[in-house]
$ cat protein.cif   # mmCIF, C-alpha atoms and all ligand atoms
data_upload
#
loop_
_atom_site.group_PDB
_atom_site.id
_atom_site.type_symbol
_atom_site.label_atom_id
_atom_site.label_comp_id
_atom_site.auth_asym_id
_atom_site.auth_seq_id
_atom_site.Cartn_x
_atom_site.Cartn_y
_atom_site.Cartn_z
ATOM 1 C CA MET A 1 132.067 146.358 189.661
ATOM 2 C CA ALA A 2 131.045 149.840 188.420
ATOM 3 C CA GLU A 3 131.771 152.479 190.994
ATOM 4 C CA ASN A 4 128.150 153.258 191.818
ATOM 5 C CA CYS A 5 126.605 149.782 191.559
ATOM 6 C CA ASN A 6 126.320 147.220 194.304
ATOM 7 C CA HIS A 7 126.762 144.205 192.060
ATOM 8 C CA ASP A 8 129.054 142.992 189.293
ATOM 9 C CA CYS A 9 127.709 144.903 186.275
ATOM 10 C CA SER A 10 130.113 143.225 183.881
ATOM 11 C CA SER A 11 128.346 139.919 184.403
ATOM 12 C CA CYS A 12 124.770 141.077 183.986
ATOM 13 C CA ALA A 13 122.634 142.893 181.426
ATOM 14 C CA GLN A 14 120.547 144.772 183.954
ATOM 15 C CA SER A 15 120.431 148.475 184.503
ATOM 16 C CA CYS A 16 120.390 149.080 188.208
ATOM 17 C CA SER A 17 117.191 150.868 189.085
ATOM 18 C CA GLU A 18 118.765 153.147 191.657
ATOM 19 C CA ASN A 19 122.314 153.324 190.386
ATOM 20 C CA GLN A 20 122.528 153.754 186.622
ATOM 21 C CA HIS A 21 125.783 152.956 184.845
ATOM 22 C CA VAL A 22 127.963 156.004 184.396
ATOM 23 C CA LYS A 23 127.634 157.012 180.746
ATOM 24 C CA LYS A 24 130.671 158.111 178.774
ATOM 25 C CA GLU A 25 131.113 161.757 177.728
ATOM 26 C CA PRO A 26 132.197 163.050 174.315
ATOM 27 C CA LEU A 27 134.937 165.687 173.886
ATOM 28 C CA PRO A 28 134.019 169.015 175.533
ATOM 29 C CA THR A 29 134.009 170.766 172.134
ATOM 30 C CA THR A 30 131.335 168.354 170.915
ATOM 31 C CA SER A 31 127.602 168.904 170.922
ATOM 32 C CA ILE A 32 125.458 165.945 169.897
ATOM 33 C CA GLY A 33 121.673 166.358 169.720
ATOM 34 C CA LYS A 34 120.287 162.812 169.641
ATOM 35 C CA ILE A 35 122.045 159.466 169.483
ATOM 36 C CA ILE A 36 120.302 156.663 167.625
ATOM 37 C CA GLY A 37 121.559 153.060 167.673
ATOM 38 C CA VAL A 38 120.709 150.653 164.855
ATOM 39 C CA LEU A 39 120.766 147.053 166.018
ATOM 40 C CA SER A 40 119.835 143.597 164.816
ATOM 41 C CA GLY A 41 120.409 140.168 166.244
ATOM 42 C CA LYS A 42 122.655 139.015 163.411
ATOM 43 C CA GLY A 43 125.028 140.283 160.768
ATOM 44 C CA GLY A 44 123.807 140.596 157.198
ATOM 45 C CA VAL A 45 120.243 141.644 158.059
ATOM 46 C CA GLY A 46 120.746 145.228 156.866
ATOM 47 C CA LYS A 47 121.866 147.236 159.896
ATOM 48 C CA SER A 48 124.423 149.217 157.906
ATOM 49 C CA MET A 49 121.943 149.788 155.085
ATOM 50 C CA VAL A 50 119.327 151.131 157.527
ATOM 51 C CA SER A 51 121.941 153.264 159.373
ATOM 52 C CA SER A 52 123.063 154.750 156.055
ATOM 53 C CA LEU A 53 119.552 155.397 154.716
ATOM 54 C CA LEU A 54 118.523 157.000 158.017
ATOM 55 C CA ALA A 55 121.603 159.236 157.992
ATOM 56 C CA VAL A 56 120.971 160.285 154.376
ATOM 57 C CA SER A 57 117.265 160.980 155.043
ATOM 58 C CA LEU A 58 118.107 163.214 158.025
ATOM 59 C CA ALA A 59 120.923 164.975 156.154
ATOM 60 C CA LYS A 60 118.530 165.706 153.252
ATOM 61 C CA LEU A 61 116.355 167.571 155.778
ATOM 62 C CA GLY A 62 119.327 169.821 156.553
ATOM 63 C CA LYS A 63 120.335 168.036 159.756
ATOM 64 C CA LYS A 64 123.977 167.688 160.730
ATOM 65 C CA VAL A 65 124.592 163.951 160.901
ATOM 66 C CA GLY A 66 127.405 161.620 161.925
ATOM 67 C CA ILE A 67 127.689 157.855 161.681
ATOM 68 C CA MET A 68 129.769 155.824 164.089
ATOM 69 C CA ASP A 69 130.580 152.450 162.539
ATOM 70 C CA ALA A 70 130.609 150.383 165.725
ATOM 71 C CA ASP A 71 130.456 147.127 163.753
ATOM 72 C CA ILE A 72 134.212 146.813 164.292
ATOM 73 C CA THR A 73 134.650 143.328 162.847
ATOM 74 C CA GLY A 74 132.393 143.934 159.815
ATOM 75 C CA PRO A 75 132.744 147.640 159.071
ATOM 76 C CA SER A 76 131.033 148.769 155.881
ATOM 77 C CA ILE A 77 129.976 152.407 156.263
ATOM 78 C CA PRO A 78 132.965 154.041 154.428
ATOM 79 C CA ARG A 79 132.416 151.680 151.481
ATOM 80 C CA ILE A 80 128.657 152.413 151.322
ATOM 81 C CA PHE A 81 129.377 156.178 151.250
ATOM 82 C CA GLY A 82 132.366 155.888 148.907
ATOM 83 C CA VAL A 83 134.554 157.552 151.525
ATOM 84 C CA THR A 84 138.193 156.645 151.117
ATOM 85 C CA GLY A 85 141.359 157.824 152.783
ATOM 86 C CA GLU A 86 142.861 157.317 156.160
ATOM 87 C CA ALA A 87 141.390 158.802 159.323
ATOM 88 C CA TYR A 88 143.913 160.858 161.225
ATOM 89 C CA GLY A 89 144.136 162.222 164.693
ATOM 90 C CA ASP A 90 146.219 164.311 167.039
ATOM 91 C CA GLU A 91 146.795 164.102 170.767
ATOM 92 C CA GLY A 92 143.310 165.540 171.357
ATOM 93 C CA GLY A 93 141.291 163.115 169.286
ATOM 94 C CA ILE A 94 140.328 161.518 165.960
ATOM 95 C CA TYR A 95 139.010 163.505 162.987
ATOM 96 C CA PRO A 96 136.033 161.892 161.218
ATOM 97 C CA LEU A 97 135.970 161.527 157.439
ATOM 98 C CA THR A 98 133.213 163.383 155.602
ATOM 99 C CA SER A 99 130.863 162.180 152.847
ATOM 100 C CA SER A 100 130.969 164.133 149.608
ATOM 101 C CA ARG A 101 127.314 165.063 149.050
ATOM 102 C CA TYR A 102 125.770 165.795 152.445
ATOM 103 C CA GLY A 103 128.859 166.187 154.628
ATOM 104 C CA ILE A 104 127.948 163.233 156.860
ATOM 105 C CA LYS A 105 130.771 162.632 159.356
ATOM 106 C CA ILE A 106 131.973 159.040 159.449
ATOM 107 C CA VAL A 107 134.206 157.176 161.862
ATOM 108 C CA SER A 108 135.059 153.560 161.128
ATOM 109 C CA VAL A 109 137.903 151.213 161.939
ATOM 110 C CA ASN A 110 138.169 150.555 158.194
ATOM 111 C CA SER A 111 139.591 154.050 157.722
ATOM 112 C CA MET A 112 142.340 153.150 160.196
ATOM 113 C CA LEU A 113 143.485 149.824 158.764
ATOM 114 C CA GLU A 114 146.268 149.193 156.280
ATOM 115 C CA SER A 115 143.759 148.026 153.689
ATOM 116 C CA GLU A 116 140.028 147.358 153.502
ATOM 117 C CA ASP A 117 140.535 143.598 153.719
ATOM 118 C CA THR A 118 142.723 143.620 156.847
ATOM 119 C CA PRO A 119 140.724 141.743 159.515
ATOM 120 C CA VAL A 120 140.326 143.052 163.034
ATOM 121 C CA LEU A 121 141.547 140.223 165.258
ATOM 122 C CA TRP A 122 140.857 141.744 168.649
ATOM 123 C CA ARG A 123 139.226 140.303 171.731
ATOM 124 C CA GLY A 124 135.927 141.694 173.056
ATOM 125 C CA PRO A 125 137.282 144.161 175.669
ATOM 126 C CA ILE A 126 139.609 145.787 173.104
ATOM 127 C CA VAL A 127 136.769 146.091 170.601
ATOM 128 C CA SER A 128 134.525 147.614 173.305
ATOM 129 C CA GLY A 129 137.310 150.065 174.177
ATOM 130 C CA MET A 130 137.595 151.143 170.551
ATOM 131 C CA VAL A 131 133.835 151.663 170.250
ATOM 132 C CA ASN A 132 133.882 153.807 173.374
ATOM 133 C CA GLN A 133 136.758 155.826 171.921
ATOM 134 C CA PHE A 134 134.712 156.431 168.773
ATOM 135 C CA TYR A 135 132.325 158.259 171.072
ATOM 136 C CA THR A 136 134.676 159.900 173.577
ATOM 137 C CA ASP A 137 137.705 160.774 171.415
ATOM 138 C CA VAL A 138 136.282 161.922 168.081
ATOM 139 C CA TYR A 139 135.967 165.547 166.980
ATOM 140 C CA TRP A 140 132.268 165.164 166.162
ATOM 141 C CA GLU A 141 131.808 168.900 166.812
ATOM 142 C CA ASP A 142 128.229 170.002 166.296
ATOM 143 C CA LEU A 143 125.808 167.212 165.319
ATOM 144 C CA ASP A 144 122.019 167.060 165.342
ATOM 145 C CA TYR A 145 122.117 163.259 165.093
ATOM 146 C CA LEU A 146 124.753 160.611 165.694
ATOM 147 C CA ILE A 147 123.733 157.262 164.203
ATOM 148 C CA ILE A 148 125.513 154.237 165.643
ATOM 149 C CA ASP A 149 125.746 151.189 163.383
ATOM 150 C CA MET A 150 125.860 148.813 166.342
ATOM 151 C CA PRO A 151 127.956 145.680 166.730
ATOM 152 C CA PRO A 152 125.835 142.710 165.610
ATOM 153 C CA GLY A 153 124.075 140.389 168.001
ATOM 154 C CA THR A 154 123.900 140.347 171.755
ATOM 155 C CA SER A 155 127.661 140.174 172.359
ATOM 156 C CA ASP A 156 129.456 141.960 175.185
ATOM 157 C CA VAL A 157 130.397 144.690 172.698
ATOM 158 C CA ALA A 158 126.742 145.432 171.859
ATOM 159 C CA LEU A 159 125.875 145.310 175.548
ATOM 160 C CA SER A 160 128.587 147.774 176.490
ATOM 161 C CA VAL A 161 127.371 150.241 173.825
ATOM 162 C CA LEU A 162 123.897 150.067 175.385
ATOM 163 C CA GLN A 163 125.337 150.593 178.853
ATOM 164 C CA ASP A 164 128.101 153.128 178.162
ATOM 165 C CA ILE A 165 126.733 155.468 175.489
ATOM 166 C CA PRO A 166 123.678 157.632 176.245
ATOM 167 C CA LEU A 167 121.428 156.451 173.418
ATOM 168 C CA ASP A 168 118.158 158.307 172.858
ATOM 169 C CA GLY A 169 116.635 155.471 170.883
ATOM 170 C CA LEU A 170 117.262 152.181 169.142
ATOM 171 C CA VAL A 171 116.045 150.971 165.762
ATOM 172 C CA MET A 172 115.708 147.179 165.499
ATOM 173 C CA VAL A 173 116.308 145.707 162.075
ATOM 174 C CA THR A 174 114.699 142.356 161.365
ATOM 175 C CA SER A 175 113.674 140.202 158.428
ATOM 176 C CA ALA A 176 110.928 137.709 157.738
ATOM 177 C CA SER A 177 113.053 134.608 158.217
ATOM 178 C CA LYS A 178 112.167 132.715 161.406
ATOM 179 C CA LEU A 179 115.858 132.274 162.138
ATOM 180 C CA ILE A 180 116.497 136.026 161.988
ATOM 181 C CA SER A 181 113.373 136.995 163.914
ATOM 182 C CA MET A 182 114.298 134.565 166.712
ATOM 183 C CA VAL A 183 117.733 136.183 167.078
ATOM 184 C CA VAL A 184 116.308 139.706 166.773
ATOM 185 C CA SER A 185 113.970 138.881 169.674
ATOM 186 C CA LYS A 186 117.057 138.266 171.813
ATOM 187 C CA ALA A 187 118.400 141.700 170.867
ATOM 188 C CA ILE A 188 115.040 143.265 171.795
ATOM 189 C CA VAL A 189 115.114 141.574 175.196
ATOM 190 C CA MET A 190 118.717 142.761 175.724
ATOM 191 C CA ALA A 191 117.660 146.320 174.870
ATOM 192 C CA LEU A 192 114.686 146.163 177.220
ATOM 193 C CA LYS A 193 116.851 144.789 180.050
ATOM 194 C CA THR A 194 119.170 147.773 179.713
ATOM 195 C CA ASN A 195 116.176 150.150 179.766
ATOM 196 C CA SER A 196 116.927 151.301 176.205
ATOM 197 C CA HIS A 197 114.137 153.029 174.322
ATOM 198 C CA ILE A 198 113.239 151.095 171.165
ATOM 199 C CA ILE A 199 111.875 153.496 168.530
ATOM 200 C CA GLY A 200 110.506 150.666 166.411
ATOM 201 C CA LEU A 201 111.178 147.838 163.998
ATOM 202 C CA VAL A 202 112.389 147.954 160.412
ATOM 203 C CA GLU A 203 111.754 144.831 158.366
ATOM 204 C CA ASN A 204 114.423 144.467 155.675
ATOM 205 C CA MET A 205 114.620 142.127 152.698
ATOM 206 C CA ALA A 206 111.406 140.222 153.471
ATOM 207 C CA SER A 207 110.338 140.718 149.867
ATOM 208 C CA VAL A 208 112.100 141.397 146.605
ATOM 209 C CA LYS A 209 111.200 144.302 144.336
ATOM 210 C CA CYS A 210 111.011 143.357 140.662
ATOM 211 C CA PRO A 211 113.367 145.759 138.847
ATOM 212 C CA ASP A 212 111.078 145.713 135.779
ATOM 213 C CA CYS A 213 107.554 146.163 137.158
ATOM 214 C CA GLY A 214 108.206 147.137 140.820
ATOM 215 C CA ARG A 215 105.964 144.300 142.104
ATOM 216 C CA LEU A 216 106.939 142.994 145.555
ATOM 217 C CA ILE A 217 107.411 139.231 145.864
ATOM 218 C CA ASP A 218 107.527 137.702 149.368
ATOM 219 C CA ILE A 219 110.701 135.690 149.924
ATOM 220 C CA TYR A 220 109.547 133.693 152.962
ATOM 221 C CA PRO A 221 106.263 131.785 153.401
ATOM 222 C CA ALA A 222 105.302 133.878 156.445
ATOM 223 C CA SER A 223 106.771 136.719 158.461
ATOM 224 C CA ASP A 224 107.061 136.875 162.256
ATOM 225 C CA THR A 225 107.597 140.639 162.284
ATOM 226 C CA ALA A 226 103.981 141.495 163.194
ATOM 227 C CA ALA A 227 104.035 138.888 165.964
ATOM 228 C CA ILE A 228 107.285 140.305 167.393
ATOM 229 C CA ALA A 229 105.869 143.829 167.200
ATOM 230 C CA ASP A 230 102.779 142.630 169.024
ATOM 231 C CA LYS A 231 104.671 140.685 171.678
ATOM 232 C CA TYR A 232 106.975 143.578 172.610
ATOM 233 C CA GLN A 233 104.471 146.343 171.801
ATOM 234 C CA LEU A 234 106.613 147.899 169.111
ATOM 235 C CA GLU A 235 105.651 149.579 165.853
ATOM 236 C CA VAL A 236 106.811 148.334 162.461
ATOM 237 C CA LEU A 237 108.025 151.652 161.036
ATOM 238 C CA ALA A 238 109.371 150.509 157.679
ATOM 239 C CA LYS A 239 109.442 147.570 155.323
ATOM 240 C CA ILE A 240 112.347 147.731 152.892
ATOM 241 C CA PRO A 241 112.281 145.161 150.075
ATOM 242 C CA LEU A 242 115.410 143.613 148.623
ATOM 243 C CA ASP A 243 115.875 146.353 146.054
ATOM 244 C CA THR A 244 118.594 145.973 143.407
ATOM 245 C CA ASN A 245 118.797 149.763 143.152
ATOM 246 C CA LEU A 246 119.771 149.952 146.854
ATOM 247 C CA SER A 247 122.396 147.206 146.647
ATOM 248 C CA ALA A 248 123.897 148.812 143.529
ATOM 249 C CA LEU A 249 124.099 152.219 145.246
ATOM 250 C CA ALA A 250 125.628 150.723 148.402
ATOM 251 C CA ASP A 251 128.120 148.614 146.480
ATOM 252 C CA SER A 252 129.299 151.553 144.392
ATOM 253 C CA GLY A 253 129.587 153.947 147.350
ATOM 254 C CA ARG A 254 126.742 156.165 146.124
ATOM 255 C CA ILE A 255 124.107 155.677 148.828
ATOM 256 C CA GLU A 256 123.671 159.467 149.043
ATOM 257 C CA ALA A 257 122.089 159.358 145.576
ATOM 258 C CA CYS A 258 119.240 157.184 146.911
ATOM 259 C CA ASP A 259 115.865 158.871 146.464
ATOM 260 C CA GLU A 260 113.663 156.143 147.959
ATOM 261 C CA HIS A 261 111.333 157.009 150.849
ATOM 262 C CA TYR A 262 111.339 153.680 152.680
ATOM 263 C CA LEU A 263 112.201 155.243 156.042
ATOM 264 C CA ASP A 264 109.798 158.212 156.069
ATOM 265 C CA GLU A 265 107.811 156.962 159.072
ATOM 266 C CA LEU A 266 110.963 156.141 161.033
ATOM 267 C CA VAL A 267 112.412 159.572 160.229
ATOM 268 C CA LYS A 268 109.249 161.226 161.624
ATOM 269 C CA LYS A 269 109.662 159.284 164.884
ATOM 270 C CA VAL A 270 113.338 160.250 165.094
ATOM 271 C CA LEU A 271 112.517 163.933 164.536
ATOM 272 C CA ASP A 272 109.996 163.692 167.395
ATOM 273 C CA LEU A 273 112.488 162.294 169.918
HETATM 274 P P1 LIG B 301 124.502 144.224 158.353
HETATM 275 O O1 LIG B 301 124.960 145.610 158.630
HETATM 276 O O2 LIG B 301 123.278 143.860 159.162
HETATM 277 O O3 LIG B 301 125.580 143.197 158.474
HETATM 278 P P2 LIG B 301 124.280 145.154 155.612
HETATM 279 O O4 LIG B 301 123.502 146.412 155.749
HETATM 280 O O5 LIG B 301 125.764 145.269 155.429
HETATM 281 O O6 LIG B 301 123.991 144.167 156.841
HETATM 282 O O7 LIG B 301 123.625 144.318 154.418
HETATM 283 C C1 LIG B 301 124.200 143.096 153.958
HETATM 284 C C2 LIG B 301 124.220 143.130 152.419
HETATM 285 O O8 LIG B 301 122.885 143.199 151.929
HETATM 286 C C3 LIG B 301 124.954 144.324 151.853
HETATM 287 O O9 LIG B 301 125.622 143.940 150.688
HETATM 288 C C4 LIG B 301 123.831 145.325 151.525
HETATM 289 O O10 LIG B 301 124.161 146.195 150.463
HETATM 290 C C5 LIG B 301 122.705 144.374 151.130
HETATM 291 N N1 LIG B 301 121.379 144.916 151.454
HETATM 292 C C6 LIG B 301 120.914 145.233 152.685
HETATM 293 N N2 LIG B 301 119.644 145.632 152.603
HETATM 294 C C7 LIG B 301 119.289 145.584 151.302
HETATM 295 C C8 LIG B 301 118.095 145.884 150.563
HETATM 296 N N3 LIG B 301 116.999 146.297 151.183
HETATM 297 N N4 LIG B 301 118.107 145.696 149.224
HETATM 298 C C9 LIG B 301 119.218 145.246 148.601
HETATM 299 N N5 LIG B 301 120.367 144.938 149.225
HETATM 300 C C10 LIG B 301 120.404 145.106 150.558
#

$ encode --input "protein.cif" --output "structure tokens" --more "lines below"
Ligand code: ADP
Amino acid sequence: MAENCNHDCSSCAQSCSENQHVKKEPLPTTSIGKIIGVLSGKGGVGKSMVSSLLAVSLAKLGKKVGIMDADITGPSIPRIFGVTGEAYGDEGGIYPLTSSRYGIKIVSVNSMLESEDTPVLWRGPIVSGMVNQFYTDVYWEDLDYLIIDMPPGTSDVALSVLQDIPLDGLVMVTSASKLISMVVSKAIVMALKTNSHIIGLVENMASVKCPDCGRLIDIYPASDTAAIADKYQLEVLAKIPLDTNLSALADSGRIEACDEHYLDELVKKVLDL
């Protein structure tokens, strides 16, 4: 039971109306403006892609940005940014790695493993503890925005991020497949139950962009995104097609060279937070 709640918080997804969960604190030398979580119901929908594009868009505007790769079992942020090398720390905390072009600070378990293909075989509470440490024990220093690439789904790890870290807003990534939109709805309900502010929806890979003529071709017969937006009164702030330019940049660690404007509307909302 949390010290200021009158029920067993570990077994429920509710924020207590009178007694909020005690949020974790970063290092005293750290100053973080806004914290944005990027969540989807399932892995592979494009959470890391959206986290990376959002970070790059904000950094291009001169903002100081960090990314916490909280997708501990499927970490991909260092690879997308081409950041190699081992993270190191001292008794006071962990030093983030820094991207080459815009100086985006990155913390990921992948920078702490023997090799990129070493799996993380930890149980939920240990993973949650590590995610919390990425917030409390990292020398983030002075950031305008910390983007959290959230653990996928509605697992206990995702839930503890929502409860333990003082998020200013959440971006929900979905796609047009009925299977994905059904699972994303669960993540939306989880976020609402924890009183998290959802900035809006990003629909990813619902269409494919022809690399020759740029025409968009729908991949699925129909999309549920508008219906989800309607049901939960959310805005669809971006639609990113499956774009071979994006996958090539991400795969080669050059996402900072992306000059697409898919997230312009989302960026405006984030700047207004
Ligand atoms: P998640 O973080 O939700 O597990 P990722 O962002 O890692 O998903 O995306 C899964 C794969 O799809 C990655 O290889 C990524 O580069 C690719 N991808 C994601 N979004 C797009 C897109 N809009 N166009 C092309 N490839 C994409």

$ closest_residue --input "protein.cif" --among "A:Glu116, A:Asp218, A:Asp212, A:Asp69" --to "ligand LIG 301 (chain B)" --atoms "only C-alpha atoms and all ligand atoms"
A:Asp69

$ atom_distance --input "protein.cif" --atom1 "atom CA of A:Thr244" --atom2 "atom CA of A:Ile199"
27.1 Å

$ closest_residue --input "protein.cif" --among "A:Gly46, A:Tyr139, A:Ser51, A:Met150" --to "A:Asp90" --atoms "only C-alpha atoms"
A:Tyr139

$ residues_around --input "protein.cif" --residues "A:Gln233" --least-positions-apart "3" --cutoff "12 Å" --atoms "only C-alpha atoms" --output "PyMOL selection string"
chain A and resi 188+192+198-201+225-230+236

$ closest_residue --input "protein.cif" --among "A:Gly85, A:Pro78, A:Gly66, A:Pro26" --to "ligand LIG 301 (chain B)" --atoms "only C-alpha atoms and all ligand atoms"
A:Pro78

$ resolve_selection --input "protein.cif" --expression "the PyMOL selection byres (((chain A and resi 202) around 10) and not hetatm)" --output "PyMOL selection string"
chain A and resi 38+40+46-47+50+171-175+199-201+203-205+225+235-240+262-263+266

$ atom_distance --input "protein.cif" --atom1 "atom CA of A:Leu170" --atom2 "atom CA of A:Gly41"
12.8 Å

$ residues_near_ligand --input "protein.cif" --ligand "ligand LIG 301 (chain B)" --cutoff "8 Å" --atoms "all atoms listed in the file" --output "PDB file with C-alpha atoms, keeping the file's coordinate frame"
ATOM      1  CA  LEU A  39     120.766 147.053 166.018  1.00  0.00           C
ATOM      2  CA  SER A  40     119.835 143.597 164.816  1.00  0.00           C
ATOM      3  CA  LYS A  42     122.655 139.015 163.411  1.00  0.00           C
ATOM      4  CA  GLY A  43     125.028 140.283 160.768  1.00  0.00           C
ATOM      5  CA  GLY A  44     123.807 140.596 157.198  1.00  0.00           C
ATOM      6  CA  VAL A  45     120.243 141.644 158.059  1.00  0.00           C
ATOM      7  CA  GLY A  46     120.746 145.228 156.866  1.00  0.00           C
ATOM      8  CA  LYS A  47     121.866 147.236 159.896  1.00  0.00           C
ATOM      9  CA  SER A  48     124.423 149.217 157.906  1.00  0.00           C
ATOM     10  CA  MET A  49     121.943 149.788 155.085  1.00  0.00           C
ATOM     11  CA  VAL A  50     119.327 151.131 157.527  1.00  0.00           C
ATOM     12  CA  SER A  51     121.941 153.264 159.373  1.00  0.00           C
ATOM     13  CA  ASP A  71     130.456 147.127 163.753  1.00  0.00           C
ATOM     14  CA  GLY A  74     132.393 143.934 159.815  1.00  0.00           C
ATOM     15  CA  SER A  76     131.033 148.769 155.881  1.00  0.00           C
ATOM     16  CA  ILE A  80     128.657 152.413 151.322  1.00  0.00           C
ATOM     17  CA  ASP A 149     125.746 151.189 163.383  1.00  0.00           C
ATOM     18  CA  PRO A 152     125.835 142.710 165.610  1.00  0.00           C
ATOM     19  CA  VAL A 173     116.308 145.707 162.075  1.00  0.00           C
ATOM     20  CA  ASN A 204     114.423 144.467 155.675  1.00  0.00           C
ATOM     21  CA  MET A 205     114.620 142.127 152.698  1.00  0.00           C
ATOM     22  CA  VAL A 208     112.100 141.397 146.605  1.00  0.00           C
ATOM     23  CA  ILE A 240     112.347 147.731 152.892  1.00  0.00           C
ATOM     24  CA  PRO A 241     112.281 145.161 150.075  1.00  0.00           C
ATOM     25  CA  LEU A 242     115.410 143.613 148.623  1.00  0.00           C
ATOM     26  CA  ASP A 243     115.875 146.353 146.054  1.00  0.00           C
ATOM     27  CA  THR A 244     118.594 145.973 143.407  1.00  0.00           C
ATOM     28  CA  ASN A 245     118.797 149.763 143.152  1.00  0.00           C
ATOM     29  CA  LEU A 246     119.771 149.952 146.854  1.00  0.00           C
ATOM     30  CA  SER A 247     122.396 147.206 146.647  1.00  0.00           C
ATOM     31  CA  ALA A 248     123.897 148.812 143.529  1.00  0.00           C
ATOM     32  CA  LEU A 249     124.099 152.219 145.246  1.00  0.00           C
ATOM     33  CA  ALA A 250     125.628 150.723 148.402  1.00  0.00           C
ATOM     34  CA  ASP A 251     128.120 148.614 146.480  1.00  0.00           C
TER      35      ASP A 251
END
